[in-house]
Number of protein chains: 2
Amino acid sequence: MKVSAQEEYGLRCLVQLAGLKDGESLTLAQMAGREGISVANAGKLLWILSKAGLVQSLRGTKGGYYLARPASEIYLSEIIRVMDEEEISGHCKSYTGVLDECVHTSDCGIRPVIMSIHEIVQESLSKITLAQLVGSEKNVDATLHQIQSFQSRRDAEAH
Amino acid sequence: MKVSAQEEYGLRCLVQLAGLKDGESLTLAQMAGREGISVANAGKLLWILSKAGLVQSLRGTKGGYYLARPASEIYLSEIIRVMDEEEISGHCKSYTGVLDECVHTSDCGIRPVIMSIHEIVQESLSKITLAQLVGSEKNVDATLHQIQSFQSRRDAEAH
DNA sequence: GCTAATCTTGACTTAAAAGTAAGGTATGAT
DNA sequence: ATCATACCTTACTTTTAAGTCAAGATTAGC
């Protein structure tokens with residue numbers, strides 16, 4: 001249960017774009033440089049984000065990438081879902097198929113758990129927008145802890 | 001962000017053991033057969049669980065595996081953590097290290113998000129015990145939806 | 001004590017994810 | 001028009017996770 005490299009780098013590039021002013025854009029080379037990944041790799045990630053409609057691009061000399069919507073209207077749940085949709089779509093088309101991939105079909109108590117885990121993650125991430133991730137680590141951390149779902153976890157102990 | 005094969009199969013084997021009566025045990029071959037995996041693979045998974053103290057084993061002719069504690073005292077959070085500790089331990093020792101592995105060290109708004117995602121998952125799973133996963137799919141699903149953290153998610157829409 | 005059943009452990013093989021390379025296509029400036 | 005810039009797309013290589021193999025060690029029953 002971990003965040004994949006593709007998910008994380010995709011998120012990082014989006015945060016960069018979220019910090020831009022209106023009318024500005026960033027090239028692949030710029031984003032790759034700041035994240036320490038290759039231009040080719042950044043190109044792949046941004047292409048996925050572009051295909052999903054989260055970013056738009058402009059070709060040519062003054063080209064680059066920019067967000068397709070305001071950062072305050074892009075939720076992390078959507079980003080995470082988009083970034084690993086690639087590998088999923090090869091094996092199965094629907095969301096039910098995702099389960100059939102790793103869960104065998106006989107009746108058992110585990111299927112609802114796997115499903116619930118994914119729902120919990122998606123639901124938690126649907127409360128955070130890209131706009132809330134722009135800024136210093138300290139500020140973002142403070143912001144996150146004011147969001148309801150993140151705060152409630154403090155009541156319970158982790159076993 | 002998905003449940004790995006290792007996590008899922010480990011969980012499945014534990015559910016099998018949780019369904020045993022006192023004094024009973026299961027061999028690798030029995031568990032492997034029921035889950036549709038090879039005996040060798042089951043051996044690897046059970047060894048991890050054994051090393052972590054979740055199961056105990058008995059060698060020899062009448063040997064097999066059984067839970068080290070009552071199923072009602074084993075939380076899913078612990079299982080998930082144990083099952084992918086292997087890959088983590090090779091690169092870094094502490095939990096901080098897990099983050100340094102995939103997050104570069106400069107100040108940014110993403111580190112707390114990655115950390116929070118893991119915390120949310122752990123906290124949610126710490127409310128479910130192995131004992132609650134024994135039974136038919138329908139019953140387990142009903143049980144899960146009565147647990148507080150799973151129920152609260154229904155209020156919000158998934159974006 | 002011998003044998004058969006079973007867990008233990010490390011090395012190896014295979015499959016999947018991540019990342020790279022290269023050629024193609026569109027755009028803007030001169 | 002031509003050239004330089006930068007995005008687009010497919011195929012390939014590398015790396016990592018998953019799964020397998022085989023030899024060793026332990027126990028129960030005869």
# chains A, B, ... in the order shown; residues from 1 in each chain; ligands from 1
call {"tool": "interface_residues", "arguments": {"of": "chain B", "to": "chain D", "cutoff": "10 Å", "atoms": "only C-alpha atoms (C1' of nucleotides)", "output": "JSON, numbers by chain"}}
result
{"B": [4, 5, 6, 37, 38, 39, 40, 41, 42, 44, 58, 59, 60, 61, 62, 63, 87]}
call {"tool": "write_last_selection", "arguments": {"atoms": "all heavy atoms", "output": "compact mmCIF listing (two decimals), in the first residue's frame"}}
result
# COMPACT_ATOMS: atom_id res chain seq x y z
N SER B 4 -0.78 -4.37 -2.66
CA SER B 4 0.12 -5.24 -3.42
C SER B 4 -0.30 -6.69 -3.28
O SER B 4 -1.06 -7.07 -2.39
CB SER B 4 1.54 -5.08 -2.92
OG SER B 4 1.68 -5.68 -1.65
N ALA B 5 0.19 -7.50 -4.20
CA ALA B 5 -0.13 -8.93 -4.19
C ALA B 5 0.31 -9.56 -2.87
O ALA B 5 -0.40 -10.37 -2.28
CB ALA B 5 0.57 -9.61 -5.36
N GLN B 6 1.47 -9.17 -2.42
CA GLN B 6 1.99 -9.73 -1.18
C GLN B 6 1.09 -9.40 0.01
O GLN B 6 0.83 -10.26 0.87
CB GLN B 6 3.40 -9.20 -0.94
CG GLN B 6 4.12 -9.86 0.19
CD GLN B 6 5.62 -9.64 0.09
OE1 GLN B 6 6.35 -10.38 -0.55
NE2 GLN B 6 6.10 -8.60 0.75
N ILE B 37 -2.30 -20.17 -5.07
CA ILE B 37 -0.90 -19.79 -5.26
C ILE B 37 -0.02 -21.02 -5.01
O ILE B 37 -0.50 -22.04 -4.51
CB ILE B 37 -0.48 -18.64 -4.30
CG1 ILE B 37 -0.65 -19.08 -2.85
CG2 ILE B 37 -1.28 -17.40 -4.59
CD1 ILE B 37 -0.20 -18.04 -1.85
N SER B 38 1.25 -20.91 -5.37
CA SER B 38 2.15 -22.06 -5.21
C SER B 38 2.53 -22.24 -3.74
O SER B 38 2.46 -21.31 -2.95
CB SER B 38 3.42 -21.84 -6.03
OG SER B 38 4.20 -20.83 -5.43
N VAL B 39 2.93 -23.46 -3.42
CA VAL B 39 3.36 -23.75 -2.05
C VAL B 39 4.59 -22.91 -1.69
O VAL B 39 4.70 -22.39 -0.58
CB VAL B 39 3.68 -25.25 -1.90
CG1 VAL B 39 4.23 -25.54 -0.52
CG2 VAL B 39 2.43 -26.08 -2.15
N ALA B 40 5.49 -22.76 -2.66
CA ALA B 40 6.70 -21.98 -2.41
C ALA B 40 6.37 -20.54 -2.06
O ALA B 40 6.94 -19.96 -1.14
CB ALA B 40 7.60 -22.03 -3.64
N ASN B 41 5.43 -20.00 -2.79
CA ASN B 41 5.03 -18.62 -2.55
C ASN B 41 4.37 -18.48 -1.17
O ASN B 41 4.66 -17.55 -0.42
CB ASN B 41 4.08 -18.16 -3.65
CG ASN B 41 3.94 -16.66 -3.70
OD1 ASN B 41 4.69 -15.95 -3.04
ND2 ASN B 41 2.98 -16.18 -4.46
N ALA B 42 3.50 -19.41 -0.86
CA ALA B 42 2.86 -19.39 0.46
C ALA B 42 3.91 -19.48 1.56
O ALA B 42 3.81 -18.81 2.58
CB ALA B 42 1.85 -20.53 0.55
N LYS B 44 6.91 -18.39 1.52
CA LYS B 44 7.56 -17.09 1.68
C LYS B 44 6.69 -16.13 2.50
O LYS B 44 7.17 -15.45 3.41
CB LYS B 44 7.81 -16.51 0.29
CG LYS B 44 8.63 -15.24 0.27
CD LYS B 44 8.75 -14.76 -1.16
CE LYS B 44 9.75 -13.63 -1.30
NZ LYS B 44 9.92 -13.24 -2.72
N LEU B 58 4.75 -25.09 13.49
CA LEU B 58 5.21 -26.33 14.11
C LEU B 58 5.77 -27.18 12.97
O LEU B 58 5.08 -27.42 11.98
CB LEU B 58 4.03 -27.04 14.77
CG LEU B 58 4.33 -27.80 16.06
CD1 LEU B 58 4.85 -26.84 17.12
CD2 LEU B 58 3.08 -28.50 16.54
N ARG B 59 7.01 -27.59 13.09
CA ARG B 59 7.61 -28.40 12.03
C ARG B 59 7.29 -29.87 12.26
O ARG B 59 6.81 -30.27 13.30
CB ARG B 59 9.11 -28.18 12.02
CG ARG B 59 9.47 -26.77 11.66
CD ARG B 59 10.83 -26.69 11.01
NE ARG B 59 11.87 -26.37 11.98
CZ ARG B 59 13.07 -25.90 11.63
NH1 ARG B 59 13.34 -25.70 10.36
NH2 ARG B 59 13.97 -25.63 12.52
N GLY B 60 7.58 -30.63 11.23
CA GLY B 60 7.40 -32.08 11.36
C GLY B 60 6.12 -32.59 10.77
O GLY B 60 5.34 -31.85 10.17
N THR B 61 5.90 -33.87 10.93
CA THR B 61 4.79 -34.56 10.28
C THR B 61 3.43 -33.92 10.53
O THR B 61 2.64 -33.74 9.64
CB THR B 61 4.75 -36.01 10.74
OG1 THR B 61 6.05 -36.57 10.60
CG2 THR B 61 3.75 -36.81 9.92
N LYS B 62 3.14 -33.60 11.75
CA LYS B 62 1.83 -33.02 12.07
C LYS B 62 1.91 -31.50 12.22
O LYS B 62 1.13 -30.91 12.97
CB LYS B 62 1.29 -33.64 13.35
CG LYS B 62 0.94 -35.12 13.22
CD LYS B 62 -0.35 -35.28 12.43
CE LYS B 62 -0.69 -36.77 12.27
NZ LYS B 62 -1.87 -36.97 11.41
N GLY B 63 2.89 -30.93 11.55
CA GLY B 63 3.12 -29.49 11.71
C GLY B 63 2.13 -28.64 10.95
O GLY B 63 1.19 -29.14 10.33
N GLU B 87 10.51 -4.98 1.60
CA GLU B 87 11.13 -4.16 0.58
C GLU B 87 11.67 -2.84 1.13
O GLU B 87 12.63 -2.30 0.64
CB GLU B 87 10.13 -3.87 -0.55
CG GLU B 87 8.73 -3.62 -0.05
CD GLU B 87 7.74 -3.55 -1.21
OE1 GLU B 87 7.77 -2.52 -1.87
OE2 GLU B 87 6.98 -4.50 -1.44
call {"tool": "interface_residues", "arguments": {"of": "chain C", "to": "chain A", "cutoff": "10 Å", "atoms": "only C-alpha atoms (C1' of nucleotides)", "output": "MDAnalysis selection string"}}
result
chainID C and resid 16:21 25:29
call {"tool": "atom_distance", "arguments": {"atom1": "atom CA of Tyr66 of chain B", "atom2": "atom CA of Leu17 of chain B"}}
result
5.9 Å
call {"tool": "residues_around", "arguments": {"residues": "Trp47 of chain B", "least_positions_apart": "4", "cutoff": "10 Å", "atoms": "only C-alpha atoms (C1' of nucleotides)", "output": "list in words"}}
result
Asn41, Ala42, Gly43, Lys51, Ala52, Gly53, Val55, Gln56 and Ser57 of chain B; DC7, DT8 and DT9 of chain C
call {"tool": "write_last_selection", "arguments": {"atoms": "C-alpha atoms (C1' of nucleotides)", "output": "CSV table (one decimal), in the first residue's frame"}}
result
chain,number,residue,atom,x,y,z
B,41,ASN,CA,5.0,-18.6,-2.5
B,42,ALA,CA,2.9,-19.4,0.5
B,43,GLY,CA,6.0,-20.4,2.3
B,51,LYS,CA,9.0,-13.5,11.6
B,52,ALA,CA,6.7,-10.6,12.5
B,53,GLY,CA,5.1,-12.6,15.3
B,55,VAL,CA,1.7,-16.6,13.3
B,56,GLN,CA,3.5,-19.5,14.9
B,57,SER,CA,4.6,-22.7,13.2
C,7,DC,C1',8.8,-25.8,7.9
C,8,DT,C1',13.3,-22.8,6.8
C,9,DT,C1',16.3,-20.2,4.1
call {"tool": "closest_residue", "arguments": {"among": "A:Thr129, A:Leu49, A:Met115, A:Gln122", "to": "chain B", "atoms": "only C-alpha atoms"}}
result
A:Gln122
call {"tool": "residues_around", "arguments": {"residues": "segment 78-86 of chain A", "least_positions_apart": "4", "cutoff": "8 Å", "atoms": "only C-alpha atoms (C1' of nucleotides)", "output": "VMD selection string"}}
result
(chain A and resid 6 to 7 10 to 11 45 48 to 49 52 74 90 126) or (chain B and resid 1 159)
call {"tool": "select_by_dssp", "arguments": {"residues": "segment 11-135 of chain B", "states": "helix (DSSP H, G or I)", "output": "PyMOL selection string"}}
result
chain B and resi 11-18+28-35+39-51+71-73+76-83+85-91+95-102+111-125+130-133
call {"tool": "atom_distance", "arguments": {"atom1": "atom CA of Asn139 of chain B", "atom2": "atom CA of Tyr75 of chain B"}}
result
18.6 Å
call {"tool": "decode", "arguments": {"residues": "segment 2-27 of chain C", "atoms": "N, CA, C and O atoms (P, O5', C5', C4', C3', O3' and C1' of nucleotides)", "output": "PDB file, in the first residue's frame"}}
result
ATOM      1  P    DC C   2      19.488 -45.865  11.535  1.00  0.00           P
ATOM      2  O5'  DC C   2      18.346 -45.708  10.433  1.00  0.00           O
ATOM      3  C5'  DC C   2      17.424 -46.786  10.281  1.00  0.00           C
ATOM      4  C4'  DC C   2      16.049 -46.252   9.926  1.00  0.00           C
ATOM      5  C3'  DC C   2      16.007 -45.360   8.687  1.00  0.00           C
ATOM      6  O3'  DC C   2      15.275 -46.045   7.692  1.00  0.00           O
ATOM      7  C1'  DC C   2      14.596 -44.542  10.434  1.00  0.00           C
ATOM      8  P    DT C   3      15.261 -45.518   6.174  1.00  0.00           P
ATOM      9  O5'  DT C   3      13.830 -44.843   6.036  1.00  0.00           O
ATOM     10  C5'  DT C   3      12.657 -45.555   6.484  1.00  0.00           C
ATOM     11  C4'  DT C   3      11.488 -44.593   6.566  1.00  0.00           C
ATOM     12  C3'  DT C   3      11.405 -43.614   5.389  1.00  0.00           C
ATOM     13  O3'  DT C   3      10.085 -43.636   4.881  1.00  0.00           O
ATOM     14  C1'  DT C   3      11.217 -42.454   7.439  1.00  0.00           C
ATOM     15  P    DA C   4       9.775 -43.153   3.383  1.00  0.00           P
ATOM     16  O5'  DA C   4       8.534 -42.181   3.606  1.00  0.00           O
ATOM     17  C5'  DA C   4       7.493 -42.563   4.506  1.00  0.00           C
ATOM     18  C4'  DA C   4       6.872 -41.319   5.096  1.00  0.00           C
ATOM     19  C3'  DA C   4       6.574 -40.226   4.066  1.00  0.00           C
ATOM     20  O3'  DA C   4       5.283 -39.697   4.334  1.00  0.00           O
ATOM     21  C1'  DA C   4       7.885 -39.338   5.817  1.00  0.00           C
ATOM     22  P    DA C   5       4.495 -38.784   3.304  1.00  0.00           P
ATOM     23  O5'  DA C   5       4.306 -37.441   4.137  1.00  0.00           O
ATOM     24  C5'  DA C   5       3.681 -37.510   5.418  1.00  0.00           C
ATOM     25  C4'  DA C   5       4.045 -36.281   6.210  1.00  0.00           C
ATOM     26  C3'  DA C   5       3.737 -34.953   5.492  1.00  0.00           C
ATOM     27  O3'  DA C   5       2.956 -34.166   6.361  1.00  0.00           O
ATOM     28  C1'  DA C   5       5.946 -34.957   6.357  1.00  0.00           C
ATOM     29  P    DT C   6       2.080 -32.943   5.827  1.00  0.00           P
ATOM     30  O5'  DT C   6       3.014 -31.702   6.185  1.00  0.00           O
ATOM     31  C5'  DT C   6       3.282 -31.411   7.550  1.00  0.00           C
ATOM     32  C4'  DT C   6       4.475 -30.507   7.681  1.00  0.00           C
ATOM     33  C3'  DT C   6       4.482 -29.282   6.773  1.00  0.00           C
ATOM     34  O3'  DT C   6       4.031 -28.150   7.502  1.00  0.00           O
ATOM     35  C1'  DT C   6       6.660 -30.218   7.124  1.00  0.00           C
ATOM     36  P    DC C   7       3.999 -26.681   6.798  1.00  0.00           P
ATOM     37  O5'  DC C   7       5.303 -25.992   7.410  1.00  0.00           O
ATOM     38  C5'  DC C   7       5.390 -25.778   8.803  1.00  0.00           C
ATOM     39  C4'  DC C   7       6.841 -25.576   9.234  1.00  0.00           C
ATOM     40  C3'  DC C   7       7.409 -24.184   8.924  1.00  0.00           C
ATOM     41  O3'  DC C   7       8.256 -23.790  10.004  1.00  0.00           O
ATOM     42  C1'  DC C   7       8.752 -25.812   7.907  1.00  0.00           C
ATOM     43  P    DT C   8       8.912 -22.281   9.956  1.00  0.00           P
ATOM     44  O5'  DT C   8      10.278 -22.505   9.168  1.00  0.00           O
ATOM     45  C5'  DT C   8      11.430 -22.935   9.915  1.00  0.00           C
ATOM     46  C4'  DT C   8      12.696 -22.717   9.094  1.00  0.00           C
ATOM     47  C3'  DT C   8      12.969 -21.274   8.665  1.00  0.00           C
ATOM     48  O3'  DT C   8      14.256 -20.948   9.137  1.00  0.00           O
ATOM     49  C1'  DT C   8      13.254 -22.761   6.844  1.00  0.00           C
ATOM     50  P    DT C   9      14.745 -19.436   9.273  1.00  0.00           P
ATOM     51  O5'  DT C   9      15.611 -19.250   7.949  1.00  0.00           O
ATOM     52  C5'  DT C   9      16.640 -20.206   7.656  1.00  0.00           C
ATOM     53  C4'  DT C   9      17.076 -20.092   6.213  1.00  0.00           C
ATOM     54  C3'  DT C   9      17.120 -18.669   5.673  1.00  0.00           C
ATOM     55  O3'  DT C   9      18.472 -18.323   5.497  1.00  0.00           O
ATOM     56  C1'  DT C   9      16.309 -20.227   4.063  1.00  0.00           C
ATOM     57  P    DG C  10      18.839 -16.773   5.178  1.00  0.00           P
ATOM     58  O5'  DG C  10      19.489 -16.957   3.744  1.00  0.00           O
ATOM     59  C5'  DG C  10      20.467 -17.971   3.548  1.00  0.00           C
ATOM     60  C4'  DG C  10      20.594 -18.292   2.075  1.00  0.00           C
ATOM     61  C3'  DG C  10      20.824 -17.065   1.183  1.00  0.00           C
ATOM     62  O3'  DG C  10      21.879 -17.363   0.273  1.00  0.00           O
ATOM     63  C1'  DG C  10      18.980 -18.320   0.384  1.00  0.00           C
ATOM     64  P    DA C  11      22.410 -16.256  -0.740  1.00  0.00           P
ATOM     65  O5'  DA C  11      22.077 -16.878  -2.164  1.00  0.00           O
ATOM     66  C5'  DA C  11      22.471 -18.221  -2.452  1.00  0.00           C
ATOM     67  C4'  DA C  11      21.777 -18.686  -3.717  1.00  0.00           C
ATOM     68  C3'  DA C  11      21.976 -17.753  -4.908  1.00  0.00           C
ATOM     69  O3'  DA C  11      22.244 -18.532  -6.070  1.00  0.00           O
ATOM     70  C1'  DA C  11      19.676 -18.110  -4.530  1.00  0.00           C
ATOM     71  P    DC C  12      22.649 -17.810  -7.438  1.00  0.00           P
ATOM     72  O5'  DC C  12      21.360 -18.015  -8.354  1.00  0.00           O
ATOM     73  C5'  DC C  12      20.832 -19.348  -8.535  1.00  0.00           C
ATOM     74  C4'  DC C  12      19.421 -19.246  -9.114  1.00  0.00           C
ATOM     75  C3'  DC C  12      19.329 -18.401 -10.383  1.00  0.00           C
ATOM     76  O3'  DC C  12      18.956 -19.253 -11.467  1.00  0.00           O
ATOM     77  C1'  DC C  12      17.557 -17.920  -8.854  1.00  0.00           C
ATOM     78  P    DT C  13      18.894 -18.648 -12.959  1.00  0.00           P
ATOM     79  O5'  DT C  13      17.336 -18.397 -13.145  1.00  0.00           O
ATOM     80  C5'  DT C  13      16.410 -19.451 -12.863  1.00  0.00           C
ATOM     81  C4'  DT C  13      14.991 -18.956 -13.077  1.00  0.00           C
ATOM     82  C3'  DT C  13      14.752 -18.235 -14.398  1.00  0.00           C
ATOM     83  O3'  DT C  13      13.629 -18.824 -15.019  1.00  0.00           O
ATOM     84  C1'  DT C  13      13.995 -16.900 -12.584  1.00  0.00           C
ATOM     85  P    DT C  14      13.139 -18.360 -16.476  1.00  0.00           P
ATOM     86  O5'  DT C  14      11.918 -17.404 -16.147  1.00  0.00           O
ATOM     87  C5'  DT C  14      10.822 -17.905 -15.376  1.00  0.00           C
ATOM     88  C4'  DT C  14       9.948 -16.757 -14.918  1.00  0.00           C
ATOM     89  C3'  DT C  14       9.378 -15.893 -16.055  1.00  0.00           C
ATOM     90  O3'  DT C  14       7.988 -15.868 -15.863  1.00  0.00           O
ATOM     91  C1'  DT C  14      10.266 -14.536 -14.341  1.00  0.00           C
ATOM     92  P    DA C  15       7.019 -15.275 -17.045  1.00  0.00           P
ATOM     93  O5'  DA C  15       6.490 -13.924 -16.386  1.00  0.00           O
ATOM     94  C5'  DA C  15       5.704 -14.004 -15.199  1.00  0.00           C
ATOM     95  C4'  DA C  15       5.524 -12.610 -14.628  1.00  0.00           C
ATOM     96  C3'  DA C  15       4.875 -11.603 -15.573  1.00  0.00           C
ATOM     97  O3'  DA C  15       3.957 -10.865 -14.795  1.00  0.00           O
ATOM     98  C1'  DA C  15       6.919 -10.733 -14.787  1.00  0.00           C
ATOM     99  P    DA C  16       2.822  -9.939 -15.514  1.00  0.00           P
ATOM    100  O5'  DA C  16       3.209  -8.497 -14.939  1.00  0.00           O
ATOM    101  C5'  DA C  16       3.235  -8.331 -13.523  1.00  0.00           C
ATOM    102  C4'  DA C  16       3.946  -7.035 -13.187  1.00  0.00           C
ATOM    103  C3'  DA C  16       3.397  -5.808 -13.913  1.00  0.00           C
ATOM    104  O3'  DA C  16       3.276  -4.786 -12.955  1.00  0.00           O
ATOM    105  C1'  DA C  16       5.730  -5.912 -14.160  1.00  0.00           C
ATOM    106  P    DA C  17       2.247  -3.534 -13.200  1.00  0.00           P
ATOM    107  O5'  DA C  17       3.168  -2.291 -12.817  1.00  0.00           O
ATOM    108  C5'  DA C  17       3.896  -2.343 -11.608  1.00  0.00           C
ATOM    109  C4'  DA C  17       5.190  -1.564 -11.735  1.00  0.00           C
ATOM    110  C3'  DA C  17       5.006  -0.109 -12.182  1.00  0.00           C
ATOM    111  O3'  DA C  17       5.530   0.705 -11.162  1.00  0.00           O
ATOM    112  C1'  DA C  17       6.793  -1.174 -13.371  1.00  0.00           C
ATOM    113  P    DA C  18       5.384   2.317 -11.223  1.00  0.00           P
ATOM    114  O5'  DA C  18       6.787   2.713 -11.857  1.00  0.00           O
ATOM    115  C5'  DA C  18       7.966   2.282 -11.185  1.00  0.00           C
ATOM    116  C4'  DA C  18       9.176   2.677 -11.988  1.00  0.00           C
ATOM    117  C3'  DA C  18       9.171   4.134 -12.454  1.00  0.00           C
ATOM    118  O3'  DA C  18      10.343   4.747 -11.954  1.00  0.00           O
ATOM    119  C1'  DA C  18       9.743   2.653 -14.243  1.00  0.00           C
ATOM    120  P    DG C  19      10.608   6.300 -12.200  1.00  0.00           P
ATOM    121  O5'  DG C  19      11.523   6.288 -13.504  1.00  0.00           O
ATOM    122  C5'  DG C  19      12.726   5.511 -13.484  1.00  0.00           C
ATOM    123  C4'  DG C  19      13.266   5.392 -14.887  1.00  0.00           C
ATOM    124  C3'  DG C  19      13.505   6.727 -15.615  1.00  0.00           C
ATOM    125  O3'  DG C  19      14.868   6.775 -15.973  1.00  0.00           O
ATOM    126  C1'  DG C  19      12.468   5.146 -17.030  1.00  0.00           C
ATOM    127  P    DT C  20      15.474   8.015 -16.790  1.00  0.00           P
ATOM    128  O5'  DT C  20      15.603   7.425 -18.263  1.00  0.00           O
ATOM    129  C5'  DT C  20      16.345   6.221 -18.446  1.00  0.00           C
ATOM    130  C4'  DT C  20      16.469   5.921 -19.929  1.00  0.00           C
ATOM    131  C3'  DT C  20      16.914   7.102 -20.796  1.00  0.00           C
ATOM    132  O3'  DT C  20      17.997   6.649 -21.583  1.00  0.00           O
ATOM    133  C1'  DT C  20      14.954   6.109 -21.693  1.00  0.00           C
ATOM    134  P    DA C  21      18.820   7.660 -22.489  1.00  0.00           P
ATOM    135  O5'  DA C  21      18.231   7.350 -23.935  1.00  0.00           O
ATOM    136  C5'  DA C  21      17.903   6.009 -24.261  1.00  0.00           C
ATOM    137  C4'  DA C  21      17.469   5.908 -25.710  1.00  0.00           C
ATOM    138  C3'  DA C  21      17.934   7.040 -26.610  1.00  0.00           C
ATOM    139  O3'  DA C  21      18.319   6.465 -27.850  1.00  0.00           O
ATOM    140  C1'  DA C  21      15.565   6.920 -26.653  1.00  0.00           C
ATOM    141  P    DA C  22      19.015   7.345 -28.983  1.00  0.00           P
ATOM    142  O5'  DA C  22      17.844   7.465 -30.052  1.00  0.00           O
ATOM    143  C5'  DA C  22      17.022   6.327 -30.298  1.00  0.00           C
ATOM    144  C4'  DA C  22      15.886   6.710 -31.221  1.00  0.00           C
ATOM    145  C3'  DA C  22      16.238   7.854 -32.187  1.00  0.00           C
ATOM    146  O3'  DA C  22      15.625   7.609 -33.427  1.00  0.00           O
ATOM    147  C1'  DA C  22      14.323   8.418 -30.973  1.00  0.00           C
ATOM    148  P    DG C  23      16.227   8.257 -34.751  1.00  0.00           P
ATOM    149  O5'  DG C  23      14.918   8.516 -35.614  1.00  0.00           O
ATOM    150  C5'  DG C  23      13.920   7.485 -35.715  1.00  0.00           C
ATOM    151  C4'  DG C  23      12.558   8.123 -35.716  1.00  0.00           C
ATOM    152  C3'  DG C  23      12.401   9.246 -36.762  1.00  0.00           C
ATOM    153  O3'  DG C  23      11.207   9.022 -37.486  1.00  0.00           O
ATOM    154  C1'  DG C  23      11.659   9.965 -34.667  1.00  0.00           C
ATOM    155  P    DG C  24      10.743   9.977 -38.657  1.00  0.00           P
ATOM    156  O5'  DG C  24       9.414  10.630 -38.066  1.00  0.00           O
ATOM    157  C5'  DG C  24       8.383   9.782 -37.528  1.00  0.00           C
ATOM    158  C4'  DG C  24       7.288  10.641 -36.928  1.00  0.00           C
ATOM    159  C3'  DG C  24       6.824  11.786 -37.840  1.00  0.00           C
ATOM    160  O3'  DG C  24       5.397  11.827 -37.864  1.00  0.00           O
ATOM    161  C1'  DG C  24       7.439  12.619 -35.713  1.00  0.00           C
ATOM    162  P    DT C  25       4.657  12.804 -38.913  1.00  0.00           P
ATOM    163  O5'  DT C  25       4.203  14.000 -37.964  1.00  0.00           O
ATOM    164  C5'  DT C  25       3.325  13.747 -36.865  1.00  0.00           C
ATOM    165  C4'  DT C  25       3.072  15.048 -36.130  1.00  0.00           C
ATOM    166  C3'  DT C  25       2.694  16.221 -37.035  1.00  0.00           C
ATOM    167  O3'  DT C  25       1.588  16.893 -36.455  1.00  0.00           O
ATOM    168  C1'  DT C  25       4.473  16.838 -35.632  1.00  0.00           C
ATOM    169  P    DA C  26       0.660  17.829 -37.378  1.00  0.00           P
ATOM    170  O5'  DA C  26       0.716  19.206 -36.588  1.00  0.00           O
ATOM    171  C5'  DA C  26       0.255  19.241 -35.241  1.00  0.00           C
ATOM    172  C4'  DA C  26       0.965  20.345 -34.512  1.00  0.00           C
ATOM    173  C3'  DA C  26       0.697  21.746 -35.059  1.00  0.00           C
ATOM    174  O3'  DA C  26       0.163  22.522 -34.011  1.00  0.00           O
ATOM    175  C1'  DA C  26       3.007  21.405 -34.658  1.00  0.00           C
ATOM    176  P    DT C  27      -0.643  23.855 -34.281  1.00  0.00           P
ATOM    177  O5'  DT C  27       0.400  24.980 -33.876  1.00  0.00           O
ATOM    178  C5'  DT C  27       0.917  24.973 -32.548  1.00  0.00           C
ATOM    179  C4'  DT C  27       2.119  25.893 -32.481  1.00  0.00           C
ATOM    180  C3'  DT C  27       1.895  27.277 -33.087  1.00  0.00           C
ATOM    181  O3'  DT C  27       1.922  28.204 -32.025  1.00  0.00           O
ATOM    182  C1'  DT C  27       4.047  26.392 -33.614  1.00  0.00           C
TER     183       DT C  27
END
